[in-house]
$ cat work_34.pdb   # PDB, C-alpha atoms and all ligand atoms
ATOM      1  CA  MET F 142       7.948   8.410  20.951
ATOM      2  CA  ASN F 143       7.251   5.453  18.673
ATOM      3  CA  ILE F 144       9.441   3.562  16.269
ATOM      4  CA  GLY F 145       8.050   2.410  12.939
ATOM      5  CA  ILE F 146       9.755  -0.274  10.858
ATOM      6  CA  ASP F 147       8.907  -0.669   7.187
ATOM      7  CA  VAL F 148      10.139  -3.998   5.846
ATOM      8  CA  GLY F 149      10.535  -4.117   2.085
ATOM      9  CA  GLY F 150      12.123  -6.528  -0.359
ATOM     10  CA  MET F 151      15.193  -4.312  -0.713
ATOM     11  CA  SER F 152      15.521  -2.505   2.609
ATOM     12  CA  ILE F 153      14.370  -2.353   6.198
ATOM     13  CA  LYS F 154      13.631   1.249   7.164
ATOM     14  CA  ALA F 155      13.349   2.402  10.751
ATOM     15  CA  GLY F 156      11.957   5.775  11.762
ATOM     16  CA  ILE F 157      11.337   7.664  14.981
ATOM     17  CA  VAL F 158       7.860   9.175  14.949
ATOM     18  CA  ASP F 159       6.476  11.679  17.434
ATOM     19  CA  ASN F 160       2.846  11.915  18.525
ATOM     20  CA  SER F 161       2.019  14.462  15.827
ATOM     21  CA  GLY F 162       3.116  12.199  12.985
ATOM     22  CA  ASN F 163       6.505  13.819  12.385
ATOM     23  CA  ILE F 164       9.322  11.492  11.416
ATOM     24  CA  LEU F 165      12.294  12.785  13.397
ATOM     25  CA  ALA F 166      14.944  10.442  12.003
ATOM     26  CA  LYS F 167      15.215   7.554   9.558
ATOM     27  CA  TYR F 168      17.751   4.825   8.921
ATOM     28  CA  SER F 169      17.684   1.967   6.477
ATOM     29  CA  VAL F 170      19.623  -1.285   6.137
ATOM     30  CA  PRO F 171      19.542  -3.841   3.287
ATOM     31  CA  THR F 172      17.019  -6.655   3.775
ATOM     32  CA  PRO F 173      18.828  -9.945   4.370
ATOM     33  CA  ARG F 174      17.260 -12.996   2.753
ATOM     34  CA  ASP F 175      19.005 -15.777   4.583
ATOM     35  CA  GLY F 176      16.671 -16.587   7.409
ATOM     36  CA  ASN F 177      15.303 -15.483  10.757
ATOM     37  CA  GLU F 178      18.450 -14.650  12.686
ATOM     38  CA  SER F 179      19.999 -12.289  10.197
ATOM     39  CA  PHE F 180      16.572 -10.727   9.627
ATOM     40  CA  SER F 181      16.075  -9.994  13.346
ATOM     41  CA  ALA F 182      19.652  -8.702  13.594
ATOM     42  CA  ALA F 183      19.046  -6.332  10.666
ATOM     43  CA  VAL F 184      15.886  -4.942  12.303
ATOM     44  CA  LYS F 185      17.836  -4.375  15.531
ATOM     45  CA  LYS F 186      20.647  -2.674  13.604
ATOM     46  CA  ALA F 187      18.181  -0.296  11.893
ATOM     47  CA  ILE F 188      16.657   0.612  15.283
ATOM     48  CA  ASP F 189      20.014   1.069  17.004
ATOM     49  CA  GLU F 190      21.306   3.293  14.219
ATOM     50  CA  VAL F 191      18.210   5.489  14.116
ATOM     51  CA  LEU F 192      18.421   5.865  17.907
ATOM     52  CA  LYS F 193      22.015   7.067  17.495
ATOM     53  CA  ILE F 194      20.797   9.797  15.125
ATOM     54  CA  HIS F 195      17.956  10.792  17.428
ATOM     55  CA  PRO F 196      18.329   9.460  20.987
ATOM     56  CA  VAL F 197      15.002   8.805  22.722
ATOM     57  CA  GLU F 198      14.449   8.701  26.460
ATOM     58  CA  LYS F 199      11.514   6.320  26.380
ATOM     59  CA  ILE F 200      10.236   4.261  23.460
ATOM     60  CA  SER F 201       6.461   3.783  23.829
ATOM     61  CA  SER F 202       6.121   1.179  21.128
ATOM     62  CA  ILE F 203       7.725  -0.373  18.092
ATOM     63  CA  GLY F 204       5.551  -1.321  15.125
ATOM     64  CA  ILE F 205       6.597  -3.420  12.155
ATOM     65  CA  GLY F 206       4.908  -3.519   8.778
ATOM     66  CA  ALA F 207       6.120  -6.551   6.841
ATOM     67  CA  PRO F 208       5.151  -8.347   3.642
ATOM     68  CA  GLY F 209       3.413 -11.699   3.834
ATOM     69  CA  ILE F 210       1.452 -13.253   6.667
ATOM     70  CA  VAL F 211       1.688 -11.845  10.180
ATOM     71  CA  ASP F 212       0.319 -13.081  13.501
ATOM     72  CA  ARG F 213      -0.823  -9.895  15.235
ATOM     73  CA  GLU F 214      -1.861 -11.583  18.444
ATOM     74  CA  ASN F 215       1.473 -13.200  19.098
ATOM     75  CA  GLY F 216       3.661 -10.630  17.368
ATOM     76  CA  VAL F 217       5.129 -13.114  14.925
ATOM     77  CA  LEU F 218       6.145 -12.605  11.298
ATOM     78  CA  VAL F 219       4.807 -15.872   9.969
ATOM     79  CA  TYR F 220       5.871 -16.112   6.375
ATOM     80  CA  SER F 221       7.057 -14.123   3.409
ATOM     81  CA  THR F 222       7.981 -15.740   0.115
ATOM     82  CA  ASN F 223      10.244 -12.926  -1.049
ATOM     83  CA  ILE F 224      12.197 -12.332   2.162
ATOM     84  CA  GLY F 225      12.463 -15.927   3.265
ATOM     85  CA  TYR F 226      11.821 -15.683   6.998
ATOM     86  CA  LYS F 227       9.528 -18.071   8.793
ATOM     87  CA  ASN F 228       7.870 -17.647  12.193
ATOM     88  CA  VAL F 229      10.070 -14.813  13.470
ATOM     89  CA  PRO F 230       9.005 -14.084  17.094
ATOM     90  CA  ILE F 231       9.803 -10.408  16.603
ATOM     91  CA  ARG F 232       7.708  -9.159  19.550
ATOM     92  CA  GLU F 233       9.553 -11.382  21.971
ATOM     93  CA  PHE F 234      12.943 -10.426  20.484
ATOM     94  CA  LEU F 235      12.438  -6.643  20.324
ATOM     95  CA  GLY F 236      10.446  -6.563  23.571
ATOM     96  CA  LYS F 237      13.457  -8.004  25.383
ATOM     97  CA  GLU F 238      15.914  -5.699  23.605
ATOM     98  CA  TYR F 239      14.040  -2.415  24.064
ATOM     99  CA  GLY F 240      11.553  -3.076  26.884
ATOM    100  CA  CYS F 241       8.493  -1.765  25.065
ATOM    101  CA  GLU F 242       5.321  -2.914  23.331
ATOM    102  CA  VAL F 243       5.815  -4.398  19.876
ATOM    103  CA  TYR F 244       3.161  -4.662  17.165
ATOM    104  CA  VAL F 245       3.182  -6.363  13.780
ATOM    105  CA  GLU F 246       1.045  -5.697  10.743
ATOM    106  CA  ASN F 247       0.992  -6.559   7.070
ATOM    107  CA  ASP F 248       2.906  -3.979   4.995
ATOM    108  CA  ALA F 249      -0.063  -2.862   2.874
ATOM    109  CA  ASN F 250      -2.198  -2.320   5.979
ATOM    110  CA  SER F 251       0.599  -0.480   7.652
ATOM    111  CA  ALA F 252       0.998   1.865   4.646
ATOM    112  CA  ALA F 253      -2.798   2.344   4.673
ATOM    113  CA  LEU F 254      -2.587   3.401   8.329
ATOM    114  CA  GLY F 255       0.220   5.813   7.467
ATOM    115  CA  GLU F 256      -1.856   7.501   4.766
ATOM    116  CA  PHE F 257      -4.892   7.448   7.063
ATOM    117  CA  TYR F 258      -3.064   9.340   9.797
ATOM    118  CA  ALA F 259      -1.627  11.728   7.198
ATOM    119  CA  SER F 260      -5.121  12.383   5.809
ATOM    120  CA  GLY F 261      -6.349  14.477   8.708
ATOM    121  CA  ASP F 262      -9.603  14.029  10.496
ATOM    122  CA  LYS F 263     -11.270  11.078   8.758
ATOM    123  CA  LYS F 264     -13.112   7.994   9.959
ATOM    124  CA  ASN F 265     -13.615   5.841   6.880
ATOM    125  CA  PHE F 266     -10.751   5.565   4.500
ATOM    126  CA  ALA F 267      -9.243   3.249   1.901
ATOM    127  CA  PHE F 268      -5.748   3.066   0.484
ATOM    128  CA  ILE F 269      -4.902   1.331  -2.764
ATOM    129  CA  THR F 270      -1.384   0.636  -3.873
ATOM    130  CA  LEU F 271      -0.722  -0.109  -7.522
ATOM    131  CA  GLY F 272       2.479  -2.051  -8.016
ATOM    132  CA  THR F 273       3.518  -5.605  -8.838
ATOM    133  CA  GLY F 274       0.075  -6.433  -7.480
ATOM    134  CA  VAL F 275      -2.814  -4.359  -6.194
ATOM    135  CA  GLY F 276      -2.791  -4.048  -2.441
ATOM    136  CA  GLY F 277      -4.308  -1.787   0.097
ATOM    137  CA  GLY F 278      -6.103  -1.415   3.348
ATOM    138  CA  VAL F 279      -9.369  -0.148   4.728
ATOM    139  CA  ILE F 280     -10.001   1.877   7.863
ATOM    140  CA  LEU F 281     -13.559   1.769   9.183
ATOM    141  CA  ASN F 282     -14.713   3.985  12.029
ATOM    142  CA  GLY F 283     -11.085   4.901  12.649
ATOM    143  CA  LYS F 284      -9.866   1.294  12.966
ATOM    144  CA  LEU F 285      -7.917  -0.782  10.525
ATOM    145  CA  TYR F 286     -10.348  -3.440   9.276
ATOM    146  CA  THR F 287      -8.802  -6.853   8.609
ATOM    147  CA  GLY F 288     -11.821  -9.151   8.689
ATOM    148  CA  SER F 289     -12.593 -11.814  11.277
ATOM    149  CA  ASN F 290      -9.519 -13.859  10.429
ATOM    150  CA  GLY F 291      -7.047 -11.036   9.793
ATOM    151  CA  VAL F 292      -6.869 -11.396   6.010
ATOM    152  CA  GLY F 293      -9.860  -9.276   5.002
ATOM    153  CA  CYS F 294      -9.815  -6.419   2.496
ATOM    154  CA  GLU F 295      -7.643  -8.117  -0.099
ATOM    155  CA  LEU F 296      -8.832  -5.415  -2.452
ATOM    156  CA  GLY F 297      -6.814  -6.648  -5.430
ATOM    157  CA  HIS F 298      -8.785  -9.877  -5.508
ATOM    158  CA  ILE F 299     -12.249  -8.637  -6.289
ATOM    159  CA  VAL F 300     -13.124  -9.949  -9.758
ATOM    160  CA  THR F 301     -13.681  -7.354 -12.461
ATOM    161  CA  HIS F 302     -13.621  -9.727 -15.478
ATOM    162  CA  ALA F 303     -15.552 -13.010 -15.419
ATOM    163  CA  ARG F 304     -13.410 -15.779 -16.973
ATOM    164  CA  GLY F 305     -10.606 -13.246 -17.274
ATOM    165  CA  THR F 306      -6.849 -13.502 -16.907
ATOM    166  CA  LYS F 307      -5.641 -15.970 -14.299
ATOM    167  CA  CYS F 308      -4.546 -14.273 -11.082
ATOM    168  CA  GLY F 309      -1.743 -15.292  -8.728
ATOM    169  CA  CYS F 310      -4.377 -16.161  -6.097
ATOM    170  CA  GLY F 311      -5.800 -18.912  -8.304
ATOM    171  CA  ARG F 312      -8.972 -17.137  -9.372
ATOM    172  CA  SER F 313      -9.599 -15.718 -12.834
ATOM    173  CA  GLY F 314     -10.262 -12.084 -13.640
ATOM    174  CA  CYS F 315      -9.160 -10.446 -10.389
ATOM    175  CA  TRP F 316      -8.835  -6.667 -10.406
ATOM    176  CA  GLU F 317      -5.120  -7.118  -9.702
ATOM    177  CA  ALA F 318      -4.684  -9.004 -13.001
ATOM    178  CA  TYR F 319      -5.893  -5.864 -14.851
ATOM    179  CA  ALA F 320      -5.030  -2.891 -12.660
ATOM    180  CA  SER F 321      -1.552  -3.701 -11.328
ATOM    181  CA  VAL F 322       1.530  -2.182 -12.920
ATOM    182  CA  THR F 323       2.343  -5.757 -13.968
ATOM    183  CA  ALA F 324      -0.905  -5.725 -15.975
ATOM    184  CA  LEU F 325      -0.074  -2.326 -17.455
ATOM    185  CA  MET F 326       3.253  -3.749 -18.617
ATOM    186  CA  ARG F 327       1.425  -6.745 -20.108
ATOM    187  CA  PHE F 328      -0.921  -4.440 -22.045
ATOM    188  CA  THR F 329       2.114  -2.457 -23.206
ATOM    189  CA  GLU F 330       3.915  -5.593 -24.361
ATOM    190  CA  GLU F 331       0.816  -6.774 -26.250
ATOM    191  CA  ALA F 332       0.675  -3.430 -28.055
ATOM    192  CA  ARG F 333       4.429  -3.210 -28.653
ATOM    193  CA  GLU F 334       4.096  -3.195 -32.437
ATOM    194  CA  SER F 335       1.475  -0.468 -32.693
ATOM    195  CA  LEU F 336       3.322   1.568 -30.057
ATOM    196  CA  ASN F 337       6.305   1.641 -32.361
ATOM    197  CA  ILE F 338       8.807   1.382 -29.526
ATOM    198  CA  GLY F 339      11.122  -1.188 -31.149
ATOM    199  CA  ASP F 340      12.749  -3.435 -28.569
ATOM    200  CA  GLU F 341      12.722  -0.821 -25.801
ATOM    201  CA  LYS F 342      12.565  -2.308 -22.328
ATOM    202  CA  ILE F 343       9.040  -1.841 -21.006
ATOM    203  CA  SER F 344       8.238  -0.379 -17.609
ATOM    204  CA  GLY F 345       5.106   0.998 -16.008
ATOM    205  CA  LYS F 346       6.129   4.424 -17.275
ATOM    206  CA  THR F 347       6.482   3.463 -20.938
ATOM    207  CA  VAL F 348       2.958   4.298 -22.125
ATOM    208  CA  PHE F 349       2.737   7.357 -19.878
ATOM    209  CA  ASP F 350       5.955   8.717 -21.398
ATOM    210  CA  GLU F 351       4.927   7.817 -24.958
ATOM    211  CA  ALA F 352       1.458   9.311 -24.448
ATOM    212  CA  ARG F 353       3.053  12.592 -23.376
ATOM    213  CA  LYS F 354       4.795  12.643 -26.764
ATOM    214  CA  GLY F 355       1.411  12.280 -28.454
ATOM    215  CA  ASN F 356       1.686   8.580 -29.356
ATOM    216  CA  ALA F 357      -1.961   7.673 -30.059
ATOM    217  CA  ALA F 358      -1.480   3.943 -29.454
ATOM    218  CA  ALA F 359       0.116   4.719 -26.084
ATOM    219  CA  ILE F 360      -2.768   6.969 -25.110
ATOM    220  CA  GLU F 361      -5.120   4.093 -25.869
ATOM    221  CA  VAL F 362      -3.187   1.591 -23.731
ATOM    222  CA  ARG F 363      -2.778   4.094 -20.898
ATOM    223  CA  ASP F 364      -6.480   4.988 -20.887
ATOM    224  CA  ARG F 365      -7.566   1.362 -21.004
ATOM    225  CA  TRP F 366      -5.424   0.602 -17.944
ATOM    226  CA  ILE F 367      -6.654   3.674 -16.074
ATOM    227  CA  GLU F 368     -10.213   2.520 -16.754
ATOM    228  CA  GLU F 369      -9.375  -0.888 -15.245
ATOM    229  CA  VAL F 370      -8.080   0.893 -12.139
ATOM    230  CA  ALA F 371     -11.163   3.103 -11.999
ATOM    231  CA  ILE F 372     -13.579   0.147 -12.241
ATOM    232  CA  GLY F 373     -12.126  -1.416  -9.079
ATOM    233  CA  ILE F 374     -12.075   1.892  -7.254
ATOM    234  CA  THR F 375     -15.735   2.384  -8.105
ATOM    235  CA  ASN F 376     -16.450  -1.059  -6.603
ATOM    236  CA  ILE F 377     -14.668  -0.022  -3.410
ATOM    237  CA  VAL F 378     -16.663   3.213  -3.296
ATOM    238  CA  ASN F 379     -19.878   1.216  -3.714
ATOM    239  CA  ILE F 380     -19.001  -1.140  -0.868
ATOM    240  CA  PHE F 381     -17.581   1.274   1.707
ATOM    241  CA  GLN F 382     -18.507   4.811   0.603
ATOM    242  CA  PRO F 383     -15.404   5.997   2.498
ATOM    243  CA  GLU F 384     -14.619   9.676   2.942
ATOM    244  CA  GLU F 385     -11.462   9.233   0.944
ATOM    245  CA  ILE F 386      -9.570   6.760  -1.213
ATOM    246  CA  VAL F 387      -5.864   7.392  -1.702
ATOM    247  CA  ILE F 388      -4.074   5.834  -4.668
ATOM    248  CA  GLY F 389      -0.444   4.992  -3.971
ATOM    249  CA  GLY F 390       2.468   3.110  -5.482
ATOM    250  CA  ALA F 391       5.301   4.554  -7.575
ATOM    251  CA  ILE F 392       2.928   5.016 -10.531
ATOM    252  CA  SER F 393       0.958   7.602  -8.508
ATOM    253  CA  LYS F 394       3.831   9.978  -9.327
ATOM    254  CA  GLU F 395       2.037  10.328 -12.693
ATOM    255  CA  GLY F 396      -0.198  12.690 -10.717
ATOM    256  CA  ASP F 397      -3.206  14.246 -12.420
ATOM    257  CA  THR F 398      -2.680  12.179 -15.586
ATOM    258  CA  LEU F 399      -3.707   9.191 -13.472
ATOM    259  CA  LEU F 400      -5.949  10.850 -10.925
ATOM    260  CA  LEU F 401      -8.264  13.028 -13.017
ATOM    261  CA  PRO F 402      -9.656  10.313 -15.342
ATOM    262  CA  ILE F 403     -10.180   8.038 -12.318
ATOM    263  CA  ARG F 404     -12.154  10.759 -10.550
ATOM    264  CA  GLU F 405     -14.176  11.334 -13.688
ATOM    265  CA  TYR F 406     -14.986   7.629 -14.112
ATOM    266  CA  VAL F 407     -15.904   7.090 -10.472
ATOM    267  CA  ASP F 408     -17.962  10.253 -10.381
ATOM    268  CA  ALA F 409     -20.001   9.079 -13.372
ATOM    269  CA  ASN F 410     -20.360   5.450 -12.339
ATOM    270  CA  GLU F 411     -20.549   5.081  -8.582
ATOM    271  CA  TYR F 412     -23.879   4.159  -7.012
ATOM    272  CA  CYS F 413     -24.585   7.751  -5.961
ATOM    273  CA  ALA F 414     -23.510   9.085  -9.381
ATOM    274  CA  LYS F 415     -26.729  11.023  -9.887
ATOM    275  CA  HIS F 416     -26.994  12.228  -6.308
ATOM    276  CA  ASN F 417     -24.413  14.879  -5.685
ATOM    277  CA  ASP F 418     -26.014  15.666  -2.334
ATOM    278  CA  ILE F 419     -25.063  12.275  -0.881
ATOM    279  CA  LYS F 420     -21.747  11.672  -2.620
ATOM    280  CA  ILE F 421     -18.918  11.427  -0.142
ATOM    281  CA  THR F 422     -15.762   9.834  -1.471
ATOM    282  CA  LYS F 423     -12.829  12.001  -2.484
ATOM    283  CA  ILE F 424     -10.072  10.358  -4.491
ATOM    284  CA  ASN F 425      -6.576  11.688  -3.905
ATOM    285  CA  LEU F 426      -2.864  11.034  -4.264
ATOM    286  CA  PRO F 427      -0.687  10.015  -1.279
ATOM    287  CA  ARG F 428       0.384  12.523   1.352
ATOM    288  CA  ALA F 429       2.840  10.421   3.327
ATOM    289  CA  GLY F 430       4.205   8.741   0.174
ATOM    290  CA  ASP F 431       7.446   6.888   0.790
ATOM    291  CA  SER F 432       7.106   7.501   4.534
ATOM    292  CA  ALA F 433       3.655   5.875   4.811
ATOM    293  CA  GLY F 434       5.099   2.504   5.845
ATOM    294  CA  ILE F 435       7.157   3.952   8.712
ATOM    295  CA  LEU F 436       4.398   6.274   9.879
ATOM    296  CA  GLY F 437       1.708   3.572   9.787
ATOM    297  CA  ALA F 438       3.920   1.022  11.540
ATOM    298  CA  ALA F 439       4.708   3.508  14.305
ATOM    299  CA  TYR F 440       0.973   4.019  14.862
ATOM    300  CA  ILE F 441      -0.234   0.393  14.823
ATOM    301  CA  GLY F 442      -0.411   0.350  18.620
ATOM    302  CA  ARG F 443      -2.177   3.698  18.743
ATOM    303  CA  ASN F 444      -4.779   2.511  16.227
ATOM    304  CA  ILE F 445      -5.523  -0.577  18.314
ATOM    305  CA  LYS F 446      -5.782   1.354  21.573
ATOM    306  CA  GLU F 447      -7.490   4.643  20.768
TER
HETATM  307 ZN    ZN V 501      -6.670 -12.787  -7.279
END

$ encode --input "work_34.pdb" --output "structure tokens"
Amino acid sequence: MNIGIDVGGMSIKAGIVDNSGNILAKYSVPTPRDGNESFSAAVKKAIDEVLKIHPVEKISSIGIGAPGIVDRENGVLVYSTNIGYKNVPIREFLGKEYGCEVYVENDANSAALGEFYASGDKKNFAFITLGTGVGGGVILNGKLYTGSNGVGCELGHIVTHARGTKCGCGRSGCWEAYASVTALMRFTEEARESLNIGDEKISGKTVFDEARKGNAAAIEVRDRWIEEVAIGITNIVNIFQPEEIVIGGAISKEGDTLLLPIREYVDANEYCAKHNDIKITKINLPRAGDSAGILGAAYIGRNIKE
């Protein structure tokens, strides 16, 4: 039995996961933002509570997916701007508490692993999450690929617009600056007048909702953003030709409205566009969804070992 911990800005979720990928129990606690000690204590509390719901005889491993920079080798959560911990030796702490192996991974990679294990029998796989930024992870030959220094596959930071909008990473024109939900909200704000939405508060759903009502300006903004998403996905197909790319993030709840035009664009534009016999990549919506972080974290150790 493995325990997966999904650390988010709002909550720390712990789950007990069996060897077939079933989550047997979950418990979540609010994420403290006042330093290492209260953070470690909150992780321990989440684990203790979930073990009360579903007692386990032997814990094989604990995995933690956390935002920011992680040191996999030493099991340390190095740094996260939005949670405020620094150099948390979480392996040492939890190893002593629970007497098992402890693994750490970046949260996007850990969610990618979760979707990978939920995707069935695949070897090459990519997961994209559209949110405040564009994140994701890549699995090659069954293994999470993180580059030679551990920070590879920053998929949001491939450039899709030369001299384009400045990105948080310092470069201009990154995919993230056009395909994140933040970008969608920027496009919506820029079109506020033609959208005829008065001073309505804008969210990622605004143009999707307006488009459903037949608002032509909203359809235009929505389709422009979906094209930006599809351009980056086509680039990923061209680089990896994975068996599957899964598109996650809360916006993926838009379902076919989002998925179908992306499939259509990629199908027409990827390198093998004219060669149906060698096309591989399927583009799909998440299977594990909100549980991807817990599931992936629980399987970090398994992915390293198997
Ligand atoms: Zn960037």

$ resolve_selection --input "work_34.pdb" --expression "the PyMOL selection byres (((chain F and resi 203) around 9) and not hetatm)" --output "VMD selection string"
chain F and resid 143 to 146 200 to 202 204 to 205 232 235 to 236 239 241 to 245 438 to 442

$ write_last_selection --input "work_34.pdb" --atoms "C-alpha atoms" --output "compact mmCIF listing (two decimals), keeping the file's coordinate frame"
# COMPACT_ATOMS: atom_id res chain seq x y z
CA ASN F 143 7.25 5.45 18.67
CA ILE F 144 9.44 3.56 16.27
CA GLY F 145 8.05 2.41 12.94
CA ILE F 146 9.76 -0.27 10.86
CA ILE F 200 10.24 4.26 23.46
CA SER F 201 6.46 3.78 23.83
CA SER F 202 6.12 1.18 21.13
CA GLY F 204 5.55 -1.32 15.12
CA ILE F 205 6.60 -3.42 12.16
CA ARG F 232 7.71 -9.16 19.55
CA LEU F 235 12.44 -6.64 20.32
CA GLY F 236 10.45 -6.56 23.57
CA TYR F 239 14.04 -2.42 24.06
CA CYS F 241 8.49 -1.76 25.06
CA GLU F 242 5.32 -2.91 23.33
CA VAL F 243 5.82 -4.40 19.88
CA TYR F 244 3.16 -4.66 17.16
CA VAL F 245 3.18 -6.36 13.78
CA ALA F 438 3.92 1.02 11.54
CA ALA F 439 4.71 3.51 14.30
CA TYR F 440 0.97 4.02 14.86
CA ILE F 441 -0.23 0.39 14.82
CA GLY F 442 -0.41 0.35 18.62

$ resolve_selection --input "work_34.pdb" --expression "the PyMOL selection byres (((chain F and resi 371-385) around 6) and not hetatm)" --output "PyMOL selection string"
chain F and resi 265-266+368-370+386+403+407+411-412+421-424

$ resolve_selection --input "work_34.pdb" --expression "the PyMOL selection byres (((chain F and resi 432) around 9) and not hetatm)" --output "count of residues only"
15

$ closest_atom_pairs --input "work_34.pdb" --of "chain F" --to "ligand ZN 501 (chain V)" --cutoff "9 Å" --atoms "all atoms listed in the file" --output "tab-separated table"
residue	atom	partner	partner_atom	distance
F:Glu295	CA	V:ZN501	ZN	8.6
F:Gly297	CA	V:ZN501	ZN	6.4
F:His298	CA	V:ZN501	ZN	4.0
F:Ile299	CA	V:ZN501	ZN	7.0
F:Val300	CA	V:ZN501	ZN	7.5
F:Lys307	CA	V:ZN501	ZN	7.8
F:Cys308	CA	V:ZN501	ZN	4.6
F:Gly309	CA	V:ZN501	ZN	5.7
F:Cys310	CA	V:ZN501	ZN	4.2
F:Gly311	CA	V:ZN501	ZN	6.3
F:Arg312	CA	V:ZN501	ZN	5.3
F:Ser313	CA	V:ZN501	ZN	6.9
F:Gly314	CA	V:ZN501	ZN	7.3
F:Cys315	CA	V:ZN501	ZN	4.6
F:Trp316	CA	V:ZN501	ZN	7.2
F:Glu317	CA	V:ZN501	ZN	6.4
F:Ala318	CA	V:ZN501	ZN	7.1

$ residues_around --input "work_34.pdb" --residues "Ile153 of chain F" --least-positions-apart "5" --cutoff "6 Å" --atoms "all atoms listed in the file" --output "ChimeraX atom specification"
/F:147-148,169-170,172

$ atom_distance --input "work_34.pdb" --atom1 "atom CA of Glu331 of chain F" --atom2 "atom CA of Val362 of chain F"
9.6 Å

$ closest_residue --input "work_34.pdb" --among "F:Ala324, F:Val387, F:Ile419, F:Ala166" --to "Phe257 of chain F" --atoms "all atoms listed in the file"
F:Val387

$ residues_around --input "work_34.pdb" --residues "Gly345 of chain F" --least-positions-apart "2" --cutoff "7 Å" --atoms "all atoms listed in the file" --output "list in words"
Val322, Leu325, Met326, Ile343 and Thr347 of chain F

$ residues_around --input "work_34.pdb" --residues "segment 269-271 of chain F" --least-positions-apart "2" --cutoff "7 Å" --atoms "all atoms listed in the file" --output "ChimeraX atom specification"
/F:267,274-278,321-322,387-390,392

$ residues_around --input "work_34.pdb" --residues "Thr222 of chain F" --least-positions-apart "5" --cutoff "12 Å" --atoms "all atoms listed in the file" --output "PyMOL selection string"
chain F and resi 150+174-176+207-210+227

$ closest_residue --input "work_34.pdb" --among "F:Ser251, F:Asn290, F:Ser181, F:Ser260" --to "Asn228 of chain F" --atoms "all atoms listed in the file"
F:Ser181

$ atom_distance --input "work_34.pdb" --atom1 "atom CA of Gly261 of chain F" --atom2 "atom CA of Asp212 of chain F"
28.8 Å

$ atom_distance --input "work_34.pdb" --atom1 "atom CA of Val211 of chain F" --atom2 "atom CA of Ile157 of chain F"
22.3 Å

$ build_atoms --input "work_34.pdb" --residues "segment 347-360 of chain F" --atoms "N, CA and C atoms" --output "mmCIF file, in the frame of the given file"
data_model
loop_
_atom_site.group_PDB
_atom_site.id
_atom_site.type_symbol
_atom_site.label_atom_id
_atom_site.label_comp_id
_atom_site.auth_asym_id
_atom_site.auth_seq_id
_atom_site.Cartn_x
_atom_site.Cartn_y
_atom_site.Cartn_z
ATOM 1 N N THR F 347 6.338 3.403 -19.481
ATOM 2 C CA THR F 347 6.482 3.463 -20.938
ATOM 3 C C THR F 347 5.312 4.163 -21.629
ATOM 4 N N VAL F 348 4.077 3.679 -21.389
ATOM 5 C CA VAL F 348 2.958 4.298 -22.125
ATOM 6 C C VAL F 348 2.665 5.717 -21.648
ATOM 7 N N PHE F 349 2.938 5.982 -20.358
ATOM 8 C CA PHE F 349 2.737 7.357 -19.878
ATOM 9 C C PHE F 349 3.699 8.305 -20.604
ATOM 10 N N ASP F 350 4.963 7.879 -20.713
ATOM 11 C CA ASP F 350 5.955 8.717 -21.398
ATOM 12 C C ASP F 350 5.618 8.879 -22.884
ATOM 13 N N GLU F 351 5.259 7.763 -23.528
ATOM 14 C CA GLU F 351 4.927 7.817 -24.958
ATOM 15 C C GLU F 351 3.681 8.672 -25.182
ATOM 16 N N ALA F 352 2.703 8.549 -24.307
ATOM 17 C CA ALA F 352 1.458 9.311 -24.448
ATOM 18 C C ALA F 352 1.739 10.816 -24.373
ATOM 19 N N ARG F 353 2.690 11.171 -23.490
ATOM 20 C CA ARG F 353 3.053 12.592 -23.376
ATOM 21 C C ARG F 353 3.631 13.126 -24.684
ATOM 22 N N LYS F 354 4.241 12.212 -25.472
ATOM 23 C CA LYS F 354 4.795 12.643 -26.764
ATOM 24 C C LYS F 354 3.727 12.659 -27.849
ATOM 25 N N GLY F 355 2.502 12.257 -27.480
ATOM 26 C CA GLY F 355 1.411 12.280 -28.454
ATOM 27 C C GLY F 355 1.198 10.968 -29.196
ATOM 28 N N ASN F 356 1.846 9.898 -28.734
ATOM 29 C CA ASN F 356 1.686 8.580 -29.356
ATOM 30 C C ASN F 356 0.261 8.056 -29.108
ATOM 31 N N ALA F 357 -0.536 8.004 -30.192
ATOM 32 C CA ALA F 357 -1.961 7.673 -30.059
ATOM 33 C C ALA F 357 -2.167 6.263 -29.502
ATOM 34 N N ALA F 358 -1.335 5.317 -29.943
ATOM 35 C CA ALA F 358 -1.480 3.943 -29.454
ATOM 36 C C ALA F 358 -1.189 3.886 -27.956
ATOM 37 N N ALA F 359 -0.231 4.692 -27.514
ATOM 38 C CA ALA F 359 0.116 4.719 -26.084
ATOM 39 C C ALA F 359 -1.021 5.319 -25.262
ATOM 40 N N ILE F 360 -1.632 6.348 -25.816
ATOM 41 C CA ILE F 360 -2.768 6.969 -25.110
ATOM 42 C C ILE F 360 -3.878 5.932 -24.919
#
